[in-house]
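J.: What follows is coords.cif, made up of mmCIF, C-alpha atoms:
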data_entry
#
loop_
_atom_site.group_PDB
_atom_site.id
_atom_site.type_symbol
_atom_site.label_atom_id
_atom_site.label_comp_id
_atom_site.auth_asym_id
_atom_site.auth_seq_id
_atom_site.Cartn_x
_atom_site.Cartn_y
_atom_site.Cartn_z
ATOM 1 C CA MET W 37 -83.303 14.516 186.785
ATOM 2 C CA LEU W 38 -81.901 16.856 189.429
ATOM 3 C CA TRP W 39 -79.483 19.706 189.099
ATOM 4 C CA GLU W 40 -78.768 22.946 190.862
ATOM 5 C CA ILE W 41 -77.575 26.390 189.859
ATOM 6 C CA TYR W 42 -75.365 28.153 192.389
ATOM 7 C CA LEU W 43 -74.491 31.836 192.239
ATOM 8 C CA LEU W 44 -70.852 31.739 193.352
ATOM 9 C CA ARG W 45 -69.728 35.327 192.926
ATOM 10 C CA VAL W 46 -71.047 38.790 192.098
ATOM 11 C CA THR W 47 -68.569 41.606 191.306
ATOM 12 C CA PRO W 48 -68.940 44.323 192.419
ATOM 13 C CA THR W 49 -71.346 43.782 195.332
ATOM 14 C CA ASP W 50 -72.364 47.473 195.264
ATOM 15 C CA ILE W 51 -74.382 47.432 192.056
ATOM 16 C CA ASN W 52 -75.520 50.308 189.878
ATOM 17 C CA PRO W 53 -78.690 48.775 188.377
ATOM 18 C CA ALA W 54 -78.053 50.570 185.063
ATOM 19 C CA GLU W 55 -74.603 48.939 184.593
ATOM 20 C CA PRO W 56 -73.620 45.316 183.900
ATOM 21 C CA PHE W 57 -71.874 43.388 186.661
ATOM 22 C CA GLN W 58 -69.933 40.123 186.653
ATOM 23 C CA VAL W 59 -71.399 36.890 187.957
ATOM 24 C CA GLU W 60 -70.162 33.330 188.212
ATOM 25 C CA PHE W 61 -72.576 30.393 188.250
ATOM 26 C CA LYS W 62 -71.942 26.750 189.103
ATOM 27 C CA ILE W 63 -74.178 24.190 187.400
ATOM 28 C CA LEU W 64 -74.111 20.878 189.300
ATOM 29 C CA ASN W 65 -75.726 17.593 188.299
ATOM 30 C CA THR W 66 -77.113 16.318 191.629
ATOM 31 C CA GLY W 67 -79.128 13.521 190.039
ATOM 32 C CA THR W 68 -78.399 9.931 189.040
ATOM 33 C CA ALA W 69 -78.588 10.391 185.248
ATOM 34 C CA PRO W 70 -76.543 12.476 182.801
ATOM 35 C CA ILE W 71 -77.960 15.829 181.696
ATOM 36 C CA GLU W 72 -77.334 17.607 178.407
ATOM 37 C CA LEU W 73 -77.115 21.392 178.551
ATOM 38 C CA PRO W 74 -76.660 24.169 175.969
ATOM 39 C CA VAL W 75 -73.404 26.150 176.290
ATOM 40 C CA SER W 76 -73.174 28.442 173.237
ATOM 41 C CA PRO W 77 -73.572 32.185 173.891
ATOM 42 C CA LEU W 78 -74.713 32.790 170.281
ATOM 43 C CA LEU W 79 -78.061 31.636 168.936
ATOM 44 C CA SER W 80 -76.933 32.735 165.478
ATOM 45 C CA ASP W 81 -74.443 29.815 165.420
ATOM 46 C CA LEU W 82 -77.410 27.403 165.395
ATOM 47 C CA GLN W 83 -79.457 29.037 162.641
ATOM 48 C CA PRO W 84 -79.695 27.258 159.280
ATOM 49 C CA ASN W 85 -78.276 28.933 156.181
ATOM 50 C CA ASP W 86 -81.801 29.264 154.784
ATOM 51 C CA GLU W 87 -83.470 31.938 156.940
ATOM 52 C CA SER W 88 -86.935 30.761 155.877
ATOM 53 C CA VAL W 89 -86.506 27.336 157.549
ATOM 54 C CA ALA W 90 -87.792 26.633 161.066
ATOM 55 C CA PHE W 91 -85.232 25.232 163.509
ATOM 56 C CA GLY W 92 -85.165 23.838 167.012
ATOM 57 C CA TYR W 93 -82.794 24.605 169.873
ATOM 58 C CA PHE W 94 -82.480 24.512 173.638
ATOM 59 C CA SER W 95 -81.965 27.608 175.776
ATOM 60 C CA LEU W 96 -80.694 27.819 179.340
ATOM 61 C CA ALA W 97 -81.180 31.104 181.172
ATOM 62 C CA LEU W 98 -78.877 31.569 184.162
ATOM 63 C CA VAL W 99 -80.750 34.001 186.371
ATOM 64 C CA VAL W 100 -79.752 36.425 189.109
ATOM 65 C CA ARG W 101 -82.840 37.026 191.252
ATOM 66 C CA GLY W 102 -83.223 39.340 194.238
ATOM 67 C CA GLU W 103 -84.521 37.849 197.454
ATOM 68 C CA GLY W 104 -85.523 39.519 200.726
ATOM 69 C CA GLU W 105 -82.840 39.478 203.428
ATOM 70 C CA THR W 106 -84.960 38.114 206.273
ATOM 71 C CA GLN W 107 -87.684 36.144 204.524
ATOM 72 C CA ARG W 108 -88.180 34.244 201.294
ATOM 73 C CA THR W 109 -89.765 37.137 199.437
ATOM 74 C CA ASP W 110 -88.649 38.419 196.084
ATOM 75 C CA VAL W 111 -87.076 41.843 195.772
ATOM 76 C CA ALA W 112 -88.036 43.479 192.493
ATOM 77 C CA CYS W 113 -84.771 42.797 190.661
ATOM 78 C CA MET W 114 -83.728 40.244 188.120
ATOM 79 C CA GLY W 115 -81.278 39.754 185.264
ATOM 80 C CA PHE W 116 -80.046 36.790 183.257
ATOM 81 C CA VAL W 117 -77.711 35.495 180.597
ATOM 82 C CA GLU W 118 -78.858 32.898 178.080
ATOM 83 C CA LEU W 119 -76.988 29.964 176.529
ATOM 84 C CA TYR W 120 -78.112 28.044 173.438
ATOM 85 C CA GLY W 121 -77.540 24.609 171.982
ATOM 86 C CA SER W 122 -78.767 21.998 169.537
ATOM 87 C CA PRO W 123 -78.031 18.294 169.059
ATOM 88 C CA ASN W 124 -77.448 19.245 165.390
ATOM 89 C CA HIS W 125 -74.450 21.284 166.633
ATOM 90 C CA PRO W 126 -72.710 18.974 169.134
ATOM 91 C CA GLU W 127 -70.155 21.665 170.049
ATOM 92 C CA SER W 128 -73.027 23.749 171.460
ATOM 93 C CA MET W 129 -74.046 21.116 174.054
ATOM 94 C CA ILE W 130 -72.312 19.542 177.050
ATOM 95 C CA VAL W 131 -73.162 16.391 179.008
ATOM 96 C CA LEU W 132 -72.786 16.484 182.786
ATOM 97 C CA ARG W 133 -72.707 13.080 184.431
ATOM 98 C CA PRO W 134 -73.911 12.700 188.040
ATOM 99 C CA GLY W 135 -71.697 14.737 190.375
ATOM 100 C CA GLU W 136 -70.099 16.734 187.539
ATOM 101 C CA TRP W 137 -70.332 20.502 187.318
ATOM 102 C CA ILE W 138 -69.264 23.464 185.212
ATOM 103 C CA ARG W 139 -68.714 27.128 185.972
ATOM 104 C CA VAL W 140 -70.127 29.851 183.760
ATOM 105 C CA GLY W 141 -68.985 33.471 184.020
ATOM 106 C CA ALA W 142 -70.988 36.274 182.445
ATOM 107 C CA ASN W 143 -71.841 39.953 182.533
ATOM 108 C CA VAL W 144 -75.429 40.537 183.608
ATOM 109 C CA LYS W 145 -77.512 43.697 183.621
ATOM 110 C CA LEU W 146 -80.623 43.929 185.754
ATOM 111 C CA LEU W 147 -83.865 44.038 183.770
ATOM 112 C CA THR W 148 -85.906 45.072 186.809
ATOM 113 C CA TRP W 149 -84.912 46.666 190.111
ATOM 114 C CA PRO W 150 -86.521 48.326 193.126
ATOM 115 C CA SER W 151 -87.245 52.058 193.031
ATOM 116 C CA GLU W 152 -85.146 52.738 196.161
ATOM 117 C CA PRO W 153 -81.576 51.710 197.068
ATOM 118 C CA VAL W 154 -81.633 48.495 199.064
ATOM 119 C CA SER W 155 -79.409 45.877 200.663
ATOM 120 C CA THR W 156 -80.571 42.534 199.393
ATOM 121 C CA ARG W 157 -79.261 39.174 198.347
ATOM 122 C CA PHE W 158 -79.077 37.473 194.995
ATOM 123 C CA ARG W 159 -79.567 33.799 194.367
ATOM 124 C CA GLY W 160 -79.006 31.761 191.258
ATOM 125 C CA ASP W 161 -81.994 30.481 189.365
ATOM 126 C CA PHE W 162 -82.585 29.119 185.872
ATOM 127 C CA TRP W 163 -85.016 28.101 183.236
ATOM 128 C CA LEU W 164 -84.353 25.513 180.561
ATOM 129 C CA ARG W 165 -86.480 25.540 177.434
ATOM 130 C CA LYS W 166 -86.896 23.578 174.243
ATOM 131 C CA ASN W 167 -87.628 26.117 171.492
ATOM 132 C CA THR W 168 -88.686 26.078 167.875
ATOM 133 C CA PHE W 169 -88.105 29.199 165.784
ATOM 134 C CA HIS W 170 -90.749 29.637 163.058
ATOM 135 C CA PRO W 171 -89.972 32.395 160.537
ATOM 136 C CA HIS W 172 -92.739 33.768 158.365
ATOM 137 C CA PRO W 173 -93.031 36.734 155.999
ATOM 138 C CA GLY W 174 -92.875 39.927 158.029
ATOM 139 C CA GLY W 175 -92.080 38.288 161.350
ATOM 140 C CA GLN W 176 -91.390 35.253 163.451
ATOM 141 C CA PHE W 177 -92.807 33.042 166.159
ATOM 142 C CA ILE W 178 -90.880 31.170 168.845
ATOM 143 C CA GLU W 179 -92.606 28.180 170.374
ATOM 144 C CA ALA W 180 -91.118 27.502 173.839
ATOM 145 C CA GLN W 181 -91.591 24.533 176.156
ATOM 146 C CA ASN W 182 -90.322 24.821 179.745
ATOM 147 C CA LEU W 183 -88.285 21.846 180.978
ATOM 148 C CA TYR W 184 -87.043 20.857 184.438
ATOM 149 C CA PRO W 185 -88.718 23.257 186.863
ATOM 150 C CA ASN W 186 -86.292 24.652 189.444
ATOM 151 C CA ASN W 187 -87.405 24.174 193.043
ATOM 152 C CA ALA W 188 -84.002 24.184 194.728
ATOM 153 C CA ARG W 189 -83.105 27.054 197.062
ATOM 154 C CA THR W 190 -79.351 27.555 196.816
ATOM 155 C CA PRO W 191 -77.107 29.840 198.915
ATOM 156 C CA PHE W 192 -77.214 33.564 198.265
ATOM 157 C CA VAL W 193 -74.737 36.417 197.753
ATOM 158 C CA ALA W 194 -75.301 39.682 199.652
ATOM 159 C CA VAL W 195 -75.338 42.828 197.476
ATOM 160 C CA ARG W 196 -76.382 46.464 197.693
ATOM 161 C CA LEU W 197 -78.332 48.070 194.873
ATOM 162 C CA LEU W 198 -77.261 51.685 194.526
ATOM 163 C CA PRO W 199 -79.690 54.461 193.574
ATOM 164 C CA LEU W 200 -80.114 55.434 189.960
ATOM 165 C CA VAL W 201 -78.940 58.959 189.266
ATOM 166 C CA GLY W 202 -79.393 61.413 186.382
ATOM 167 C CA SER W 203 -78.375 59.808 183.104
ATOM 168 C CA ASP W 204 -78.817 56.287 184.556
ATOM 169 C CA MET W 205 -82.560 56.817 184.902
ATOM 170 C CA PRO W 206 -84.574 54.827 182.362
ATOM 171 C CA LYS W 207 -86.253 56.906 179.647
ATOM 172 C CA ARG W 208 -90.058 56.762 179.724
#
Can the structure in the file be given as structure tokens, please?
T.:
Amino acid sequence: MLWEIYLLRVTPTDINPAEPFQVEFKILNTGTAPIELPVSPLLSDLQPNDESVAFGYFSLALVVRGEGETQRTDVACMGFVELYGSPNHPESMIVLRPGEWIRVGANVKLLTWPSEPVSTRFRGDFWLRKNTFHPHPGGQFIEAQNLYPNNARTPFVAVRLLPLVGSDMPKR
């Protein structure tokens, strides 16, 4: 099963790491078999009415990852948006047949970024997981199984990470 995640657009391209920015991903089925993907932005839509019951779901993280401009090295920046789905909730899943694709737009905020301003490039990445949520008194446990490792290198979008100033600085 082959598929690719393309990062089509980043707005703005001068990014304040402390602020969300808009991204657009393209998910393309490049294989010969259909793929089923989660598309719901809300995990809460998949939870059973009884909060004490374990439940299973799929999660797809669409990732923005920094990459060095001249070599294939990571730049210390990353952010993602996550989509959820379950076969028990057919409206939360979509099937892409070979050659089919969808676009997903989202606001993303970087979780990590370099300490200095830098010109870099972002590429799209992903992880797809099969999860089981196990509630228990006083807490929870989420069992996650990674599916479909991503080895494809897709085109990049050039961006500039601006310096953090004053109130944007993370609290330590």
J.: Give me the result of the PyMOL selection byres ((chain W and resi 96) around 7) on this file, residue by residue, as a list of chain:residue names.
T.: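 Listing what the PyMOL selection byres ((chain W and resi 96) around 7) selects in the shown file: W:Pro74, W:Phe94, W:Ser95, W:Ala97, W:Leu98, W:Glu118, W:Leu119, W:Tyr120, W:Phe162, W:Trp163, W:Leu164, W:Arg165.
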J.: If you measure from CA of Glu179 in chain W to CA of Ser80 in chain W, what distance in Å do you get, rounded to one decimal?
T.: 17.0 Å
J.: Hey, what's within 10 Å of range 63-73 of chain W if we count all atoms listed in the file and toss same-chain stuff fewer than 5 positions away? As a count of residues only, please?
T.: 32
J.: In Å, how far is it from CA of Phe116 in chain W to CA of Ala142 in chain W?
T.: 9.1 Å
J.: Hey, which of W:Val75, W:Val193, W:Val59, W:Val89 ends up closest to His125 in chain W? Count all atoms listed in the file.
T.: W:Val75
J.: One decimal, in Å: what's the spacing between CA of Lys62 in chain W and CA of Pro199 in chain W?
T.: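 Separation of CA of Lys62 in chain W and CA of Pro199 in chain W: 29.1 Å.
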J.: Any chance you could resolve the PyMOL selection byres ((chain W and resi 195) around 8) against this file and give the residues as an MDAnalysis selection string?
T.: chainID W and resid 46 49:51 155:158 193:194 196:197
J.: So, with only C-alpha atoms as the atoms that count, which of W:Pro191, W:Gly141, W:Pro153, W:Pro84 lies closest to Thr47 in chain W?
T.: W:Gly141
